[in-house]
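J.: Contents of query25.pdb (PDB, C-alpha atoms) are given next:
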ATOM      1  CA  MET A 596      69.660  73.455  79.918
ATOM      2  CA  ALA A 597      72.577  75.191  81.586
ATOM      3  CA  ARG A 598      71.810  76.581  85.006
ATOM      4  CA  PRO A 599      72.095  80.367  85.378
ATOM      5  CA  ARG A 600      75.061  81.576  87.405
ATOM      6  CA  SER A 601      74.178  82.075  91.052
ATOM      7  CA  PHE A 602      77.070  84.374  91.934
ATOM      8  CA  ASP A 603      77.971  88.009  91.394
ATOM      9  CA  GLU A 604      80.737  88.046  88.783
ATOM     10  CA  GLN A 605      82.035  91.468  89.826
ATOM     11  CA  GLN A 606      82.184  90.413  93.466
ATOM     12  CA  VAL A 607      84.218  87.351  92.529
ATOM     13  CA  LEU A 608      86.578  89.425  90.372
ATOM     14  CA  ASN A 609      87.082  91.902  93.214
ATOM     15  CA  ALA A 610      87.829  89.088  95.654
ATOM     16  CA  VAL A 611      90.383  87.385  93.412
ATOM     17  CA  ARG A 612      91.912  90.768  92.505
ATOM     18  CA  ASP A 613      92.489  91.444  96.199
ATOM     19  CA  GLN A 614      94.023  87.991  96.643
ATOM     20  CA  PHE A 615      96.471  88.535  93.778
ATOM     21  CA  TRP A 616      97.138  92.057  95.060
ATOM     22  CA  ASP A 617      97.954  90.878  98.585
ATOM     23  CA  ALA A 618      99.918  87.718  97.755
ATOM     24  CA  GLY A 619     101.113  88.125  94.179
ATOM     25  CA  TYR A 620     100.476  85.805  91.270
ATOM     26  CA  ALA A 621     102.890  82.971  92.047
ATOM     27  CA  ALA A 622     101.982  82.754  95.734
ATOM     28  CA  THR A 623      98.242  82.578  95.008
ATOM     29  CA  SER A 624      97.036  79.004  94.780
ATOM     30  CA  LEU A 625      93.873  77.568  93.281
ATOM     31  CA  GLU A 626      92.765  76.869  96.858
ATOM     32  CA  ASP A 627      93.206  80.561  97.684
ATOM     33  CA  LEU A 628      91.081  81.539  94.689
ATOM     34  CA  MET A 629      88.372  79.050  95.639
ATOM     35  CA  ARG A 630      88.410  80.306  99.245
ATOM     36  CA  VAL A 631      88.103  84.011  98.436
ATOM     37  CA  SER A 632      85.604  83.533  95.618
ATOM     38  CA  GLY A 633      83.445  80.987  97.395
ATOM     39  CA  LEU A 634      83.366  78.942  94.174
ATOM     40  CA  GLY A 635      84.458  75.414  93.449
ATOM     41  CA  LYS A 636      87.157  74.707  90.884
ATOM     42  CA  GLY A 637      84.662  73.733  88.187
ATOM     43  CA  SER A 638      82.543  76.856  88.585
ATOM     44  CA  LEU A 639      85.560  79.126  88.799
ATOM     45  CA  TYR A 640      87.211  77.751  85.681
ATOM     46  CA  ALA A 641      83.948  77.507  83.733
ATOM     47  CA  ALA A 642      83.227  81.182  84.381
ATOM     48  CA  PHE A 643      86.714  82.674  84.132
ATOM     49  CA  GLY A 644      89.114  80.116  82.663
ATOM     50  CA  ASP A 645      92.349  79.047  84.335
ATOM     51  CA  LYS A 646      94.356  80.946  86.949
ATOM     52  CA  ARG A 647      96.235  83.036  84.380
ATOM     53  CA  GLN A 648      93.066  84.032  82.519
ATOM     54  CA  LEU A 649      91.396  84.951  85.804
ATOM     55  CA  PHE A 650      94.429  87.022  86.815
ATOM     56  CA  LEU A 651      94.536  88.874  83.470
ATOM     57  CA  ARG A 652      90.826  89.618  83.690
ATOM     58  CA  ALA A 653      91.184  90.951  87.245
ATOM     59  CA  LEU A 654      94.207  93.040  86.199
ATOM     60  CA  ARG A 655      92.334  94.548  83.240
ATOM     61  CA  ALA A 656      89.348  95.373  85.448
ATOM     62  CA  TYR A 657      91.686  97.016  87.984
ATOM     63  CA  THR A 658      93.333  99.106  85.258
ATOM     64  CA  ASP A 659      90.009 100.126  83.708
ATOM     65  CA  ASP A 660      88.740 101.211  87.124
ATOM     66  CA  ASN A 661      91.921 103.188  87.824
ATOM     67  CA  HIS A 662      91.664 104.992  84.492
ATOM     68  CA  ARG A 663      88.013 105.813  85.115
ATOM     69  CA  ARG A 664      88.809 107.228  88.553
ATOM     70  CA  LEU A 665      91.830 109.155  87.251
ATOM     71  CA  ARG A 666      89.795 110.638  84.398
ATOM     72  CA  GLU A 667      87.065 111.755  86.829
ATOM     73  CA  ALA A 668      89.488 113.177  89.412
ATOM     74  CA  LEU A 669      91.421 115.182  86.830
ATOM     75  CA  ALA A 670      88.255 116.511  85.189
ATOM     76  CA  GLU A 671      86.393 117.418  88.382
ATOM     77  CA  ALA A 672      89.058 119.681  89.927
ATOM     78  CA  PRO A 673      88.238 123.387  89.488
ATOM     79  CA  ARG A 674      91.808 124.020  88.298
ATOM     80  CA  ALA A 675      94.002 121.510  86.486
ATOM     81  CA  LEU A 676      97.057 122.419  88.600
ATOM     82  CA  ASP A 677      95.186 121.345  91.744
ATOM     83  CA  ALA A 678      94.297 118.027  90.094
ATOM     84  CA  LEU A 679      97.939 117.396  89.184
ATOM     85  CA  ARG A 680      99.104 118.183  92.713
ATOM     86  CA  MET A 681      96.407 115.857  94.064
ATOM     87  CA  LEU A 682      97.848 113.109  91.832
ATOM     88  CA  LEU A 683     101.154 113.351  93.701
ATOM     89  CA  GLU A 684      99.504 113.442  97.117
ATOM     90  CA  ALA A 685      97.182 110.481  96.422
ATOM     91  CA  PRO A 686      99.705 107.791  97.511
ATOM     92  CA  VAL A 687      99.937 109.422 100.950
ATOM     93  CA  ASP A 688      97.290 107.466 102.825
ATOM     94  CA  ASP A 689      96.900 107.385 106.612
ATOM     95  CA  SER A 690      94.718 104.278 106.387
ATOM     96  CA  GLY A 691      97.588 102.169 105.055
ATOM     97  CA  GLY A 692      95.640 101.205 101.927
ATOM     98  CA  MET A 693      98.495 102.238  99.671
ATOM     99  CA  ARG A 694     100.892  99.964 101.545
ATOM    100  CA  ARG A 695      99.789  97.307  99.071
ATOM    101  CA  GLY A 696     101.265  99.338  96.249
ATOM    102  CA  CYS A 697      99.822  99.363  92.752
ATOM    103  CA  LEU A 698      98.557  96.025  91.464
ATOM    104  CA  LEU A 699      99.721  96.880  87.945
ATOM    105  CA  ALA A 700     103.235  97.831  89.080
ATOM    106  CA  ASN A 701     103.455  94.839  91.424
ATOM    107  CA  SER A 702     102.332  92.470  88.676
ATOM    108  CA  THR A 703     104.677  93.964  86.105
ATOM    109  CA  SER A 704     107.612  93.594  88.504
ATOM    110  CA  GLU A 705     106.685  89.986  89.196
ATOM    111  CA  LEU A 706     105.674  88.808  85.730
ATOM    112  CA  GLY A 707     106.826  91.341  83.129
ATOM    113  CA  ASN A 708     109.989  89.475  82.140
ATOM    114  CA  ALA A 709     108.200  86.137  81.834
ATOM    115  CA  ASP A 710     104.786  87.096  80.468
ATOM    116  CA  PRO A 711     104.708  89.338  77.362
ATOM    117  CA  GLU A 712     100.941  89.824  77.729
ATOM    118  CA  VAL A 713     101.346  91.350  81.195
ATOM    119  CA  LEU A 714     104.176  93.568  79.939
ATOM    120  CA  ASP A 715     102.127  94.702  76.934
ATOM    121  CA  HIS A 716      99.133  95.432  79.154
ATOM    122  CA  ALA A 717     101.299  97.463  81.534
ATOM    123  CA  HIS A 718     102.833  99.437  78.674
ATOM    124  CA  ARG A 719      99.423 100.303  77.220
ATOM    125  CA  ALA A 720      98.031 101.135  80.668
ATOM    126  CA  TYR A 721     100.860 103.538  81.493
ATOM    127  CA  GLU A 722     100.535 105.151  78.064
ATOM    128  CA  THR A 723      96.830 105.730  78.749
ATOM    129  CA  SER A 724      97.626 107.230  82.158
ATOM    130  CA  THR A 725     100.288 109.440  80.578
ATOM    131  CA  LYS A 726      97.805 110.694  77.976
ATOM    132  CA  LEU A 727      95.178 111.501  80.641
ATOM    133  CA  ILE A 728      97.723 113.353  82.771
ATOM    134  CA  GLY A 729      99.147 115.079  79.680
ATOM    135  CA  ASP A 730      95.691 116.388  78.779
ATOM    136  CA  CYS A 731      95.433 117.810  82.305
ATOM    137  CA  VAL A 732      98.881 119.441  81.961
ATOM    138  CA  ALA A 733      97.721 121.063  78.711
ATOM    139  CA  ARG A 734      94.625 122.336  80.526
ATOM    140  CA  ALA A 735      96.823 123.829  83.275
ATOM    141  CA  GLN A 736      98.852 125.553  80.559
ATOM    142  CA  ARG A 737      95.688 127.019  79.012
ATOM    143  CA  GLU A 738      94.661 128.202  82.485
ATOM    144  CA  GLY A 739      98.021 129.983  82.813
ATOM    145  CA  ASP A 740      99.228 127.890  85.774
ATOM    146  CA  LEU A 741     102.069 126.047  83.999
ATOM    147  CA  PRO A 742     104.587 127.383  81.465
ATOM    148  CA  ALA A 743     103.283 127.158  77.903
ATOM    149  CA  GLU A 744     106.603 125.893  76.538
ATOM    150  CA  ALA A 745     106.606 122.714  78.660
ATOM    151  CA  ASP A 746     105.911 119.485  76.771
ATOM    152  CA  PRO A 747     102.689 118.081  78.311
ATOM    153  CA  ILE A 748     103.612 114.422  77.691
ATOM    154  CA  GLU A 749     107.136 114.797  79.086
ATOM    155  CA  LEU A 750     105.772 116.447  82.229
ATOM    156  CA  ALA A 751     103.035 113.803  82.465
ATOM    157  CA  ARG A 752     105.652 111.023  82.374
ATOM    158  CA  ALA A 753     107.654 112.783  85.096
ATOM    159  CA  LEU A 754     104.527 113.147  87.246
ATOM    160  CA  LEU A 755     103.570 109.494  86.732
ATOM    161  CA  ALA A 756     107.109 108.354  87.604
ATOM    162  CA  ALA A 757     107.047 110.533  90.742
ATOM    163  CA  GLN A 758     103.620 109.232  91.740
ATOM    164  CA  GLN A 759     104.671 105.601  91.263
ATOM    165  CA  GLY A 760     107.830 106.289  93.268
ATOM    166  CA  LEU A 761     105.704 107.568  96.142
ATOM    167  CA  VAL A 762     103.536 104.443  95.917
ATOM    168  CA  PHE A 763     106.650 102.297  96.152
ATOM    169  CA  MET A 764     108.032 104.316  99.069
ATOM    170  CA  SER A 765     104.733 103.869 100.899
ATOM    171  CA  ARG A 766     105.188 100.097 100.583
ATOM    172  CA  THR A 767     108.485 100.277 102.460
ATOM    173  CA  GLY A 768     106.680 101.518 105.564
ATOM    174  CA  LEU A 769     107.820 105.137 105.281
ATOM    175  CA  ASP A 770     105.792 107.221 107.702
ATOM    176  CA  THR A 771     102.959 109.449 106.474
ATOM    177  CA  ALA A 772     104.647 112.715 107.476
ATOM    178  CA  THR A 773     107.736 111.896 105.399
ATOM    179  CA  LEU A 774     105.630 110.779 102.442
ATOM    180  CA  THR A 775     103.584 113.976 102.633
ATOM    181  CA  ALA A 776     106.707 116.149 102.751
ATOM    182  CA  THR A 777     108.163 114.260  99.784
ATOM    183  CA  ALA A 778     104.960 114.636  97.772
ATOM    184  CA  ARG A 779     104.882 118.379  98.463
ATOM    185  CA  SER A 780     108.546 118.724  97.512
ATOM    186  CA  LEU A 781     107.917 116.928  94.220
ATOM    187  CA  ALA A 782     104.874 119.106  93.535
ATOM    188  CA  ALA A 783     106.878 122.282  94.203
ATOM    189  CA  ARG A 784     109.582 121.214  91.755
ATOM    190  CA  LEU A 785     107.452 119.662  89.020
ATOM    191  CA  LEU A 786     104.392 121.914  89.292
ATOM    192  CA  PRO A 787     105.471 125.440  90.238
ATOM    193  CA  ASP A 788     102.579 127.880  89.991
ATOM    194  CA  HIS A 789     103.295 130.325  87.143
ATOM    195  CA  SER A 790     100.016 132.175  87.458
ATOM    196  CA  GLY A 791     101.480 134.826  89.713
ATOM    197  CA  ALA A 792      98.579 134.319  92.118
TER     198      ALA A 792
END
Would you mind writing the file's structure down as structure tokens?
T.:
Amino acid sequence: MARPRSFDEQQVLNAVRDQFWDAGYAATSLEDLMRVSGLGKGSLYAAFGDKRQLFLRALRAYTDDNHRRLREALAEAPRALDALRMLLEAPVDDSGGMRRGCLLANSTSELGNADPEVLDHAHRAYETSTKLIGDCVARAQREGDLPAEADPIELARALLAAQQGLVFMSRTGLDTATLTATARSLAARLLPDHSGA
């Protein structure tokens, strides 16, 4: 009989995700994966497959978690306009956590030209994010805070591009005050309050 697994699968996925996130795919070795997971090669490959399969699984889990958190954050805000502004301010992080950038964007930059599966995953992930943000834009329009004639998907793409730009700028070491001012400037231009309040 096969022995039951004696490790926490989610913990292992989180550890290897962080390794890929910090070092990138190419610079992460099998030894790195064994070190951070605490598993031997046989156990690691038996549970998750080879390095590429493990990376794709960690990337999908990261994306699923991001979409879950985005969905919750957009839905929980009392007004949709506040949620959209929060989206732009999210990359501004005093703790330095965003200095790592976005694992999906990092991975797409590194592997997108060489790995069609990574590129396809990134495309679908950004389309999902755009749809979630677009739904929030439509809500802000219904609440009277954004002009009704604006195309929700076009504005959502602009907001996502702005947010990803801020994430990238944070990776360059730009100071928090400058990032905050940039985020507020983007919010003022992309999300002017039309409620008259």
J.: For CA of His662 (chain A) and CA of Leu699 (chain A), quote the distance in Å rounded to one decimal.
T.: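 So the two atoms, CA of His662 (chain A) and CA of Leu699 (chain A), lie 11.9 Å apart.
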J.: May I have the residues within 12 Å of region 734-740 of chain A as a PyMOL selection string, using all atoms listed in the file and disregarding those fewer than 5 positions away in the same chain?
T.: chain A and resi 669-670+672-680+727-729+745-747+750-751+786-792
J.: Go ahead and write the residues just picked, C-alpha atoms, as a PDB file, in the frame of the given file.
T.:
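Result file again_39.pdb:
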ATOM      1  CA  LEU A 669      91.421 115.182  86.830  1.00  0.00           C
ATOM      2  CA  ALA A 670      88.255 116.511  85.189  1.00  0.00           C
ATOM      3  CA  ALA A 672      89.058 119.681  89.927  1.00  0.00           C
ATOM      4  CA  PRO A 673      88.238 123.387  89.488  1.00  0.00           C
ATOM      5  CA  ARG A 674      91.808 124.020  88.298  1.00  0.00           C
ATOM      6  CA  ALA A 675      94.002 121.510  86.486  1.00  0.00           C
ATOM      7  CA  LEU A 676      97.057 122.419  88.600  1.00  0.00           C
ATOM      8  CA  ASP A 677      95.186 121.345  91.744  1.00  0.00           C
ATOM      9  CA  ALA A 678      94.297 118.027  90.094  1.00  0.00           C
ATOM     10  CA  LEU A 679      97.939 117.396  89.184  1.00  0.00           C
ATOM     11  CA  ARG A 680      99.104 118.183  92.713  1.00  0.00           C
ATOM     12  CA  LEU A 727      95.178 111.501  80.641  1.00  0.00           C
ATOM     13  CA  ILE A 728      97.723 113.353  82.771  1.00  0.00           C
ATOM     14  CA  GLY A 729      99.147 115.079  79.680  1.00  0.00           C
ATOM     15  CA  ALA A 745     106.606 122.714  78.660  1.00  0.00           C
ATOM     16  CA  ASP A 746     105.911 119.485  76.771  1.00  0.00           C
ATOM     17  CA  PRO A 747     102.689 118.081  78.311  1.00  0.00           C
ATOM     18  CA  LEU A 750     105.772 116.447  82.229  1.00  0.00           C
ATOM     19  CA  ALA A 751     103.035 113.803  82.465  1.00  0.00           C
ATOM     20  CA  LEU A 786     104.392 121.914  89.292  1.00  0.00           C
ATOM     21  CA  PRO A 787     105.471 125.440  90.238  1.00  0.00           C
ATOM     22  CA  ASP A 788     102.579 127.880  89.991  1.00  0.00           C
ATOM     23  CA  HIS A 789     103.295 130.325  87.143  1.00  0.00           C
ATOM     24  CA  SER A 790     100.016 132.175  87.458  1.00  0.00           C
ATOM     25  CA  GLY A 791     101.480 134.826  89.713  1.00  0.00           C
ATOM     26  CA  ALA A 792      98.579 134.319  92.118  1.00  0.00           C
TER      27      ALA A 792
END
J.: For the file shown, report as a PDB file with C-alpha atoms, keeping the file's coordinate frame the outcome of the PyMOL selection byres ((chain A and resi 707-713) around 12) at residue level.
T.:
ATOM      1  CA  TYR A 620     100.476  85.805  91.270  1.00  0.00           C
ATOM      2  CA  ALA A 621     102.890  82.971  92.047  1.00  0.00           C
ATOM      3  CA  ARG A 647      96.235  83.036  84.380  1.00  0.00           C
ATOM      4  CA  GLN A 648      93.066  84.032  82.519  1.00  0.00           C
ATOM      5  CA  PHE A 650      94.429  87.022  86.815  1.00  0.00           C
ATOM      6  CA  LEU A 651      94.536  88.874  83.470  1.00  0.00           C
ATOM      7  CA  ARG A 652      90.826  89.618  83.690  1.00  0.00           C
ATOM      8  CA  ALA A 653      91.184  90.951  87.245  1.00  0.00           C
ATOM      9  CA  LEU A 654      94.207  93.040  86.199  1.00  0.00           C
ATOM     10  CA  ARG A 655      92.334  94.548  83.240  1.00  0.00           C
ATOM     11  CA  THR A 658      93.333  99.106  85.258  1.00  0.00           C
ATOM     12  CA  LEU A 698      98.557  96.025  91.464  1.00  0.00           C
ATOM     13  CA  LEU A 699      99.721  96.880  87.945  1.00  0.00           C
ATOM     14  CA  ALA A 700     103.235  97.831  89.080  1.00  0.00           C
ATOM     15  CA  ASN A 701     103.455  94.839  91.424  1.00  0.00           C
ATOM     16  CA  SER A 702     102.332  92.470  88.676  1.00  0.00           C
ATOM     17  CA  THR A 703     104.677  93.964  86.105  1.00  0.00           C
ATOM     18  CA  SER A 704     107.612  93.594  88.504  1.00  0.00           C
ATOM     19  CA  GLU A 705     106.685  89.986  89.196  1.00  0.00           C
ATOM     20  CA  LEU A 706     105.674  88.808  85.730  1.00  0.00           C
ATOM     21  CA  LEU A 714     104.176  93.568  79.939  1.00  0.00           C
ATOM     22  CA  ASP A 715     102.127  94.702  76.934  1.00  0.00           C
ATOM     23  CA  HIS A 716      99.133  95.432  79.154  1.00  0.00           C
ATOM     24  CA  ALA A 717     101.299  97.463  81.534  1.00  0.00           C
ATOM     25  CA  HIS A 718     102.833  99.437  78.674  1.00  0.00           C
ATOM     26  CA  ARG A 719      99.423 100.303  77.220  1.00  0.00           C
ATOM     27  CA  ALA A 720      98.031 101.135  80.668  1.00  0.00           C
TER      28      ALA A 720
END
J.: For the structure provided, state which residues fall under the PyMOL selection byres ((chain A and resi 695) around 10), and present them as JSON, numbers by chain.
T.: {"A": [613, 616, 617, 618, 691, 692, 693, 694, 696, 697, 698, 701, 762, 763, 765, 766, 767]}
J.: Which residues come within 9 Å of Leu628 (chain A), counting only C-alpha atoms, excluding same-chain residues fewer than 4 positions away, as a list in words?
T.: Ala610, Val611, Gln614, Phe615, Thr623, Ser624, Ser632, Gly633, Leu634, Lys636, Leu639 and Lys646 of chain A
J.: Could you list the residues chosen by the PyMOL selection byres ((chain A and resi 642) around 12) in this structure as a ChimeraX atom specification?
T.: /A:599-605,607-608,632,634-641,643-646,648-649,652
J.: Work out how far apart CA of Leu754 (chain A) and CA of Asp660 (chain A) are and give it in Å to one decimal.
T.: 19.8 Å
